[in-house]
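Asks: Let me give you the structure first, and then I'll get to my questions.
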Amino acid sequence: MGALGRFFKDINRNKAMLIMVLPATLWFIFFSYLPMAGMVIAFKEYRYSRDGFLASIIESKWVGLQNFKFLFSTNDAYIITRNTVVYNIFFIVIGLVLAVAMAIILAELANKRLAKVYQTGMFLPYFLSWVIVGYFVFSFLSLDRGVVNQITGWFGIDPINWYSDPTYWPIIIVVVFLWKSVGYNSVIYLAAIMGIDKSLYEAAMIDGANKWQQIRNITIPMLTPLITILTLLAIGKIFYADFGLFYQVPRDSGTLYSVTNVIDTYVYRGLKSTGEIGMSTAAGLYQSLIGFILVITSNGIVRKFNKDNALF
Amino acid sequence: MSKKKRSLTTALLLMLAMSLVLSACGGGKSQSSEGTAEKPVELIWYTIGTPQKDVDKVMAEVSKYTAEKIGVAVKMKMIDWGDYSQKLQVMTASGEPVDIMFTSSWAFDYVQNARKGAFMQVDDLLKEHGQDIIKTLDPAFLEGSKVDGHNYGIPANKELPAQEVWRFNKQYLDKYNLDMNSVTTLESLEPLLKTIKEKEPNIYPFALDKNQMPYVPYDYVIEKLPMAVKLDTQDYKVVNILETPEMIQALKTMHKYYKAGYIPTEAATLDSMTDVQSSGRWFADRATTQPFATNLWSASYGYPVVSTPASQATIYNWSVMGSMQAISANSKYPEKAMEFLNLLNTDPVLRNMVDSGIEGVHYKKVSDNVMENLDESKNYDMPTFSLGNVMLTYLNTTDPANKWEEFKKFNDTGVPAPLLGFNFDTSKVTTEIASVQNVREEYWAALMTGTVDPDTYLARANEKFKAAGLDKIMAEAQRQVDEWRAANK
C-alpha cells in the first residue's frame, strides 16, 4: 500500500508536468515503441494470412538471418552505409561552420533592416519541399535546357549529362543540402548570439579588443554549449539520410546510385520493387542498430570531455 | 521509487499491447447467412484507374441490380494507376478488408502475390459458382493464368496475344510525306527520325520513358529481369538477355539515337509520356496493340495516330494475365464474390453499367449494342479492359460492327510463346532476386533508353548482375523450365 500510495501522491504532486509530457509520451508509445514489435518481421518470411496482419506475422515461418543476406550478398551494404555516413559527416561539419559564420555576420551587420532581408532570404529554402527543390536543381542541370549547360555552352564546353554522370553528385548533393538548411540553423545561432550579455562586448571594447578578437574570445565560447548539443543530436541521426534529398533531387536516376543510394532510399526501393517486407524490415533494423551504437559512442566521447554537454 | 514507476508503466504498456492483440484476433469471421435481395452482403472491390467522381452514384445503381439478382451490394474503390501496386501491397500485407481486387502481370503482380497468399485459390469456387465464366472465356486464359496448377484469379476476356507496333503521329507523317510501311525494325526507323529532328526541332522524334525497352524476340522468365528464352527456341535454354546479339544490337542503336537527339534526354528518369502524348509533341513510339487500337488512341489523344506492326502477335504469360480480378484471401464472402464475378463476365446489363455508368445519365443507347457517351460521362470514365469481359461492352458509334469478331480472329492468330503456362517459383532464390532487382534498378533504364554507352555499361551491368547471383537464378530457372517441359510433353 505504502508504495502505491506514495506513487499516486507522486503523480498528484507532479500533475501539471505529467499532463504536459503526456501527449509526447503517447506519441512515442504508439509510433515508436509499439511498432518496435514489428522487428520480428526481419527474421520471418512474411506471408499473408486471411486473419489479418498480426496473424500473418505469427503464422509466417522463421528464417533466421536469411533476410539480412541480400544486404551483404553484394557490396550494397557497404555502399549505402558509406554514403549515408560520409554525406552526413560533411553536412554536419560544413553545415556547422557555415551556419555559425552566417549567424555572426548577420549579428555584426550594422544595417539591421538589410540583415533581416538576408536572414529571410536564407531562411526561405528551408520551407520548400524536396520535390520542388528537385525541380529547381533540374532547371539548372537539365541536359538540353539547363542553365549550367547553356552557360558552359557559350564557352564552347560540351554539355554534360548531369543525371547520368556520378562524378559531380557528391558536390551537388552537399551544396543543395547546405543551401536548404544553413539558413534555418544560422537563425538558431543568431538567437543565441542575441542572448549574449552586451556588457561583455563593451568591456572588451574598452580593453581595446577588435572585432575579430571579440568574436574569437566572446561569441564562439558562448556558443559552444549550443554547438555541442546540436552536433550531438545530428550525430544521433547520422544513420538517417534525408529521403527527399537523395530520392527527389537526383530524380531517382539509376546510374547515380553509386553516389546517391543511402539506407533510406535502398529500403524504399527494395520494398517497392520486390514487395518483400521481411527484407526491408531487415535493412531498417540494421540501420537502427548501427545508429543506436553511434549515438551511445558519441555521447560517451562527449561525456569524457565535458559531462555537462552530454545528452545523458 | 522511480524504478517502481517504471515497472508500472511497463505493465500498463504490456496490457495495452495485449488488448490490441486480442481485439485484432477477436474480429473473427462472421457467417454469411445473409445475402438476399432484402439483406445483401457488401463486397469491397478495388480497381485500378484514376478515381471517378460518380463511382458511388453508379455503384448504388449497380447494387440495386445485383441485390435483386444475387443478393450482393458493391462498394468500388479506385486507386490511381501509379499508386495501385504499392497501395494494394500494403493493404494486403496489413490485412485490410478487401473482397475483390484487380491484379495483373503489370500492376500488383499476380503470380508473386498469389504465391504470397494474397488471393484465394478459386479452382472449386469456379466450378460451383462460376460455370458461366468457364463457358465464356477462351480456355487459354484460365489455362495460362494458373500458378502452380491452380487458378487464383479470373482473367478478363479480351485480346489474348500481345503485338508490338510502331505508332506515329499522323500529322507529321503526312506533312513530310514519310512512309511508315518502310519501318520494320528499330534500325529502319532512322531516316524518319532524322527528318523530324531536322525539320521539327520542338517535338520528340522518338518518345519513350524509363519503362520502355527495345523489343527483342525473347520470352522473359520474369518481366524485366534479364533472363529469357528465345521465341523460336528448340532447346529452351535460359539466357542472359543482355548477352544476346539482338539486345546488344538494339542497345547500340538506341544509344546512337540518343546521341543523335532523337530520344528525350531525360528518358531514363521520365515516369510517363502522358503529357507529351496529350500535347501531341511527339512523332513516333512503340506500343502494344489490339484490333482497332488506333481508333482508341486517336479518340483519347484527340488527333490521328497510325501504326505499323513491329512484331508478331505472340501469346505470353504476361499478356494472358494482362487484366484479372482476384478474390482476396481474407474475403468474408468468397462464394458471393465469385457469383458477382460470374455475373460481371456474362451479363451485358451489369457489365455495361460498371463500364459506362447509368443509361440516360452517362450514356445513351443508339441501338441494341451501340451507345454514345453523354456529357456526364466525363465523371465516369472507366478503363474498359480492367473490369472484366470486354466483349460484352457496347460498341461506340465510331467502332466497326465486327469489332469483337476481329478480336476473336486476333486471338486465333496468336502464336504461343515458349514459356506460356510456366511460372517461375522464386522461393529458393529470393535473396538473389532481391539483389538482382537492385542492380536492375541501377542500370536498366539508362541502358534501355540509350542514355549510356552499352560498350562500357553493359559489361559493368553484367558484372554486377553476376555478383548479385544472376547465374544462380538462371540455373534454378533452367532446372524448373526443364522439369516443366518434361511434365508437359
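Letters A, B, ... go to the chains of the C-alpha cells in the order shown; residues in each chain start at 1; ligands are counted from 1 in the same order.
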Quick one: residues within 7 Å of stretch 84-94 of chain A, only C-alpha atoms, excluding same-chain residues fewer than 3 positions away - as a PyMOL selection string?

Replies: chain A and resi 80-81+97-98+174+231+234+238-239+241+262-263

Asks: Would you mind exporting all heavy atoms of the selected residues as a compact mmCIF listing (two decimals), in the first residue's frame?

Replies:
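In the end it all went to selection_17.txt:
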# COMPACT_ATOMS: atom_id res chain seq x y z
N ILE A 80 25.79 1.75 -49.27
CA ILE A 80 24.75 2.60 -48.68
C ILE A 80 25.17 3.10 -47.30
O ILE A 80 24.87 4.23 -46.93
CB ILE A 80 23.38 1.89 -48.61
CG1 ILE A 80 23.45 0.60 -47.81
CG2 ILE A 80 22.84 1.63 -50.00
CD1 ILE A 80 22.11 -0.09 -47.69
N THR A 81 25.92 2.28 -46.55
CA THR A 81 26.39 2.74 -45.24
C THR A 81 27.39 3.87 -45.42
O THR A 81 27.31 4.91 -44.77
CB THR A 81 27.05 1.58 -44.47
OG1 THR A 81 26.19 0.45 -44.54
CG2 THR A 81 27.24 1.94 -43.03
N VAL A 97 29.98 25.02 -39.62
CA VAL A 97 30.87 26.16 -39.87
C VAL A 97 30.11 27.28 -40.57
O VAL A 97 30.14 28.44 -40.15
CB VAL A 97 32.09 25.72 -40.72
CG1 VAL A 97 32.90 26.94 -41.13
CG2 VAL A 97 32.92 24.72 -39.95
N LEU A 98 29.36 26.92 -41.63
CA LEU A 98 28.64 27.95 -42.38
C LEU A 98 27.57 28.61 -41.55
O LEU A 98 27.42 29.83 -41.56
CB LEU A 98 28.01 27.32 -43.63
CG LEU A 98 28.91 27.20 -44.85
CD1 LEU A 98 28.11 26.65 -46.02
CD2 LEU A 98 29.48 28.56 -45.21
N VAL A 174 25.82 17.93 -51.55
CA VAL A 174 26.22 18.72 -50.38
C VAL A 174 25.77 20.18 -50.55
O VAL A 174 25.20 20.77 -49.63
CB VAL A 174 27.75 18.63 -50.16
CG1 VAL A 174 28.18 19.61 -49.07
CG2 VAL A 174 28.15 17.22 -49.78
N THR A 231 25.21 19.44 -32.46
CA THR A 231 26.05 18.49 -33.19
C THR A 231 25.80 17.07 -32.69
O THR A 231 25.70 16.13 -33.49
CB THR A 231 27.54 18.85 -33.02
OG1 THR A 231 27.70 20.22 -33.38
CG2 THR A 231 28.41 17.99 -33.89
N ALA A 234 22.73 15.81 -34.15
CA ALA A 234 22.93 15.48 -35.57
C ALA A 234 23.66 14.16 -35.71
O ALA A 234 23.35 13.35 -36.59
CB ALA A 234 23.71 16.60 -36.25
N ILE A 238 22.95 10.34 -37.69
CA ILE A 238 23.90 10.22 -38.80
C ILE A 238 23.56 9.02 -39.68
O ILE A 238 23.96 8.94 -40.84
CB ILE A 238 25.33 10.12 -38.23
CG1 ILE A 238 26.34 10.61 -39.27
CG2 ILE A 238 25.66 8.72 -37.80
CD1 ILE A 238 27.71 10.86 -38.68
N PHE A 239 22.80 8.09 -39.14
CA PHE A 239 22.45 6.92 -39.94
C PHE A 239 21.12 7.09 -40.65
O PHE A 239 20.65 6.20 -41.32
CB PHE A 239 22.43 5.69 -39.05
CG PHE A 239 23.39 4.66 -39.50
CD1 PHE A 239 24.74 4.95 -39.48
CD2 PHE A 239 22.96 3.46 -39.99
CE1 PHE A 239 25.64 4.03 -39.95
CE2 PHE A 239 23.87 2.53 -40.45
CZ PHE A 239 25.20 2.81 -40.43
N ALA A 241 19.29 9.18 -43.45
CA ALA A 241 19.51 10.13 -44.52
C ALA A 241 18.20 10.84 -44.81
O ALA A 241 17.12 10.32 -44.54
CB ALA A 241 19.99 9.41 -45.76
N VAL A 262 21.31 5.71 -50.40
CA VAL A 262 21.53 5.69 -48.95
C VAL A 262 20.57 4.65 -48.36
O VAL A 262 19.73 4.11 -49.07
CB VAL A 262 21.29 7.08 -48.33
CG1 VAL A 262 22.39 8.03 -48.71
CG2 VAL A 262 19.94 7.61 -48.73
N ILE A 263 20.71 4.40 -47.07
CA ILE A 263 19.92 3.32 -46.49
C ILE A 263 18.43 3.54 -46.72
O ILE A 263 17.72 2.62 -47.12
CB ILE A 263 20.22 3.19 -44.98
CG1 ILE A 263 21.73 2.93 -44.80
CG2 ILE A 263 19.43 2.05 -44.38
CD1 ILE A 263 22.16 2.90 -43.36

Asks: Check every residue of chain B for an atom within 6 Å of chain A, counting only C-alpha atoms, and provide those that qualify as a ChimeraX atom specification.

Replies: /B:94-95,116-118,269,329-330,431,435,441-443,468

Asks: Only C-alpha atoms, please: the residues just picked out, written as a PDB file, in the first residue's frame.

Replies:
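Saved result, again23.pdb, follows:
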ATOM      1  CA  SER B  94      -1.736  -5.370 -43.317  1.00  0.00           C
ATOM      2  CA  GLY B  95      -4.933  -7.351 -43.804  1.00  0.00           C
ATOM      3  CA  LYS B 116       2.481 -14.947 -51.041  1.00  0.00           C
ATOM      4  CA  GLY B 117      -1.088 -15.851 -50.209  1.00  0.00           C
ATOM      5  CA  ALA B 118      -2.860 -12.602 -51.078  1.00  0.00           C
ATOM      6  CA  THR B 269      14.195   9.361 -65.394  1.00  0.00           C
ATOM      7  CA  ALA B 329      -7.698 -14.354 -49.161  1.00  0.00           C
ATOM      8  CA  ASN B 330      -9.442 -12.580 -46.302  1.00  0.00           C
ATOM      9  CA  THR B 431      17.790 -13.328 -51.711  1.00  0.00           C
ATOM     10  CA  SER B 435      19.884  -8.292 -55.078  1.00  0.00           C
ATOM     11  CA  GLU B 441      17.156  -0.515 -60.849  1.00  0.00           C
ATOM     12  CA  GLU B 442      20.632   0.877 -61.223  1.00  0.00           C
ATOM     13  CA  TYR B 443      21.337   0.057 -64.867  1.00  0.00           C
ATOM     14  CA  ALA B 468      24.313 -10.399 -57.265  1.00  0.00           C
TER      15      ALA B 468
END

Asks: Could you give me, as a PyMOL selection string, each residue of stretch 139-306 of chain A that DSSP assigns to helix (DSSP H, G or I) when run on this structure's backbone?

Replies: chain A and resi 139-141+147-154+162-164+166-194+198-206+211-236+243-247+254-260+263-274+277-305

Asks: Neighbouring residues of B:Lys336 were defined as those with any atom within 8 Å, considering only C-alpha atoms; residues of the same chain fewer than 5 positions away were excluded. Please report them as a PyMOL selection string.

Replies: chain B and resi 35+70+72

Asks: Identify, on the basis of only C-alpha atoms, every residue whose closest approach to B:Ala337 does not exceed 7 Å; exclude the query and any residue fewer than 6 positions from it along the same chain; express the result as number ranges by chain.

Replies: B: 43, 99-100, 327

Asks: Could you pull the residues within 8 Å of B:Val361, counting only C-alpha atoms, minus those fewer than 2 positions along the same chain, as a ChimeraX atom specification?

Replies: /B:357-359,363-364,374,376-377

Asks: Using N, CA, C and O atoms, can you write the selected residues to a file as a compact mmCIF listing (two decimals), in the first residue's frame?

Replies:
# COMPACT_ATOMS: atom_id res chain seq x y z
N GLY B 357 -21.63 3.48 -66.83
CA GLY B 357 -22.45 4.25 -65.91
C GLY B 357 -23.94 4.00 -66.11
O GLY B 357 -24.36 2.93 -66.54
N ILE B 358 -24.72 5.04 -65.80
CA ILE B 358 -26.17 4.89 -65.80
C ILE B 358 -26.72 5.35 -67.15
O ILE B 358 -26.38 6.43 -67.64
N GLU B 359 -27.57 4.52 -67.73
CA GLU B 359 -28.16 4.88 -69.02
C GLU B 359 -29.02 6.12 -68.86
O GLU B 359 -29.78 6.25 -67.91
N TYR B 363 -24.61 7.79 -70.53
CA TYR B 363 -24.59 7.40 -71.94
C TYR B 363 -26.02 7.18 -72.41
O TYR B 363 -26.94 7.05 -71.59
N LYS B 364 -26.17 7.17 -73.71
CA LYS B 364 -27.48 6.79 -74.24
C LYS B 364 -27.28 5.72 -75.29
O LYS B 364 -26.23 5.66 -75.94
N LEU B 374 -22.67 10.57 -73.12
CA LEU B 374 -23.25 11.89 -72.89
C LEU B 374 -22.21 12.73 -72.15
O LEU B 374 -21.17 12.22 -71.73
N GLU B 376 -22.08 13.87 -69.21
CA GLU B 376 -21.79 13.42 -67.85
C GLU B 376 -20.74 12.31 -67.81
O GLU B 376 -20.21 12.00 -66.75
N SER B 377 -20.47 11.69 -68.92
CA SER B 377 -19.55 10.55 -68.92
C SER B 377 -18.16 10.96 -68.47
O SER B 377 -17.34 10.13 -68.09

Asks: Figure out the distance between atom CA of A:Arg303 and atom CA of A:Ile196, please, to one decimal in Å.

Replies: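 Going from atom CA of A:Ile196 over to atom CA of A:Arg303, I get 25.3 Å.
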
Asks: Give the answer as one residue: which of B:Pro264, B:Thr384, B:Lys197, B:Val366 has the shortest atom-to-atom distance to B:Met353, using only C-alpha atoms?

Replies: B:Thr384

Asks: Taking only C-alpha atoms into account, which of B:Met448, B:Ile248, B:Ile222, B:Val55 comes nearest B:Met382?

Replies: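 Closest to B:Met382 of all the choices is B:Val55.
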
Asks: Please list as number ranges by chain every residue within 9 Å of A:Ile218, counting only C-alpha atoms and excluding residues in the same chain fewer than 2 positions away.

Replies: A: 196, 200-201, 204, 213-216, 220-223

Asks: Keeping only N, CA, C and O atoms, write the selected residues to a file as a PDB file, in the first residue's frame.

Replies:
ATOM      1  N   ILE A 196      23.617  36.912 -25.800  1.00  0.00           N
ATOM      2  CA  ILE A 196      24.873  37.132 -25.075  1.00  0.00           C
ATOM      3  C   ILE A 196      24.869  38.533 -24.433  1.00  0.00           C
ATOM      4  O   ILE A 196      24.478  39.513 -25.079  1.00  0.00           O
ATOM      5  N   LEU A 200      29.633  42.317 -21.948  1.00  0.00           N
ATOM      6  CA  LEU A 200      30.885  41.615 -22.239  1.00  0.00           C
ATOM      7  C   LEU A 200      31.618  42.290 -23.392  1.00  0.00           C
ATOM      8  O   LEU A 200      32.828  42.504 -23.352  1.00  0.00           O
ATOM      9  N   TYR A 201      30.846  42.625 -24.448  1.00  0.00           N
ATOM     10  CA  TYR A 201      31.465  43.272 -25.609  1.00  0.00           C
ATOM     11  C   TYR A 201      31.965  44.669 -25.243  1.00  0.00           C
ATOM     12  O   TYR A 201      33.029  45.107 -25.679  1.00  0.00           O
ATOM     13  N   ALA A 204      35.130  44.436 -23.482  1.00  0.00           N
ATOM     14  CA  ALA A 204      36.200  44.067 -24.408  1.00  0.00           C
ATOM     15  C   ALA A 204      36.644  45.280 -25.215  1.00  0.00           C
ATOM     16  O   ALA A 204      37.830  45.502 -25.442  1.00  0.00           O
ATOM     17  N   GLN A 213      38.889  39.746 -32.421  1.00  0.00           N
ATOM     18  CA  GLN A 213      39.177  39.239 -31.076  1.00  0.00           C
ATOM     19  C   GLN A 213      37.903  39.045 -30.266  1.00  0.00           C
ATOM     20  O   GLN A 213      37.752  38.084 -29.519  1.00  0.00           O
ATOM     21  N   GLN A 214      36.923  39.976 -30.467  1.00  0.00           N
ATOM     22  CA  GLN A 214      35.645  39.824 -29.759  1.00  0.00           C
ATOM     23  C   GLN A 214      34.947  38.528 -30.160  1.00  0.00           C
ATOM     24  O   GLN A 214      34.428  37.792 -29.329  1.00  0.00           O
ATOM     25  N   ILE A 215      34.937  38.273 -31.463  1.00  0.00           N
ATOM     26  CA  ILE A 215      34.263  37.061 -31.951  1.00  0.00           C
ATOM     27  C   ILE A 215      34.936  35.829 -31.388  1.00  0.00           C
ATOM     28  O   ILE A 215      34.283  34.913 -30.884  1.00  0.00           O
ATOM     29  N   ARG A 216      36.283  35.815 -31.459  1.00  0.00           N
ATOM     30  CA  ARG A 216      37.011  34.624 -31.054  1.00  0.00           C
ATOM     31  C   ARG A 216      36.921  34.380 -29.552  1.00  0.00           C
ATOM     32  O   ARG A 216      36.830  33.247 -29.103  1.00  0.00           O
ATOM     33  N   ILE A 220      32.209  32.942 -29.837  1.00  0.00           N
ATOM     34  CA  ILE A 220      32.348  31.496 -30.045  1.00  0.00           C
ATOM     35  C   ILE A 220      32.332  30.708 -28.727  1.00  0.00           C
ATOM     36  O   ILE A 220      31.608  29.728 -28.619  1.00  0.00           O
ATOM     37  N   PRO A 221      33.069  31.138 -27.692  1.00  0.00           N
ATOM     38  CA  PRO A 221      32.956  30.392 -26.425  1.00  0.00           C
ATOM     39  C   PRO A 221      31.536  30.359 -25.882  1.00  0.00           C
ATOM     40  O   PRO A 221      31.103  29.344 -25.346  1.00  0.00           O
ATOM     41  N   MET A 222      30.788  31.461 -26.035  1.00  0.00           N
ATOM     42  CA  MET A 222      29.422  31.480 -25.525  1.00  0.00           C
ATOM     43  C   MET A 222      28.511  30.546 -26.322  1.00  0.00           C
ATOM     44  O   MET A 222      27.470  30.099 -25.845  1.00  0.00           O
ATOM     45  N   LEU A 223      28.876  30.289 -27.587  1.00  0.00           N
ATOM     46  CA  LEU A 223      28.034  29.424 -28.429  1.00  0.00           C
ATOM     47  C   LEU A 223      28.352  27.943 -28.238  1.00  0.00           C
ATOM     48  O   LEU A 223      27.580  27.083 -28.652  1.00  0.00           O
TER      49      LEU A 223
END

Asks: What gap, in Å, lies between atom CA of B:Leu208 and atom CA of B:Pro191?

Replies: 18.0 Å

Asks: Nearest residue to B:Tyr316 out of B:Leu192, B:Met273, B:Leu231, B:Leu420, using only C-alpha atoms?

Replies: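 For B:Tyr316, the nearest of the candidates is B:Leu420.
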
Asks: Between B:Leu470, B:Leu447, B:Met91, B:Leu419, single out the one closest to B:Gln234, counting only C-alpha atoms.

Replies: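 Selected residue with least distance to B:Gln234: B:Leu419.
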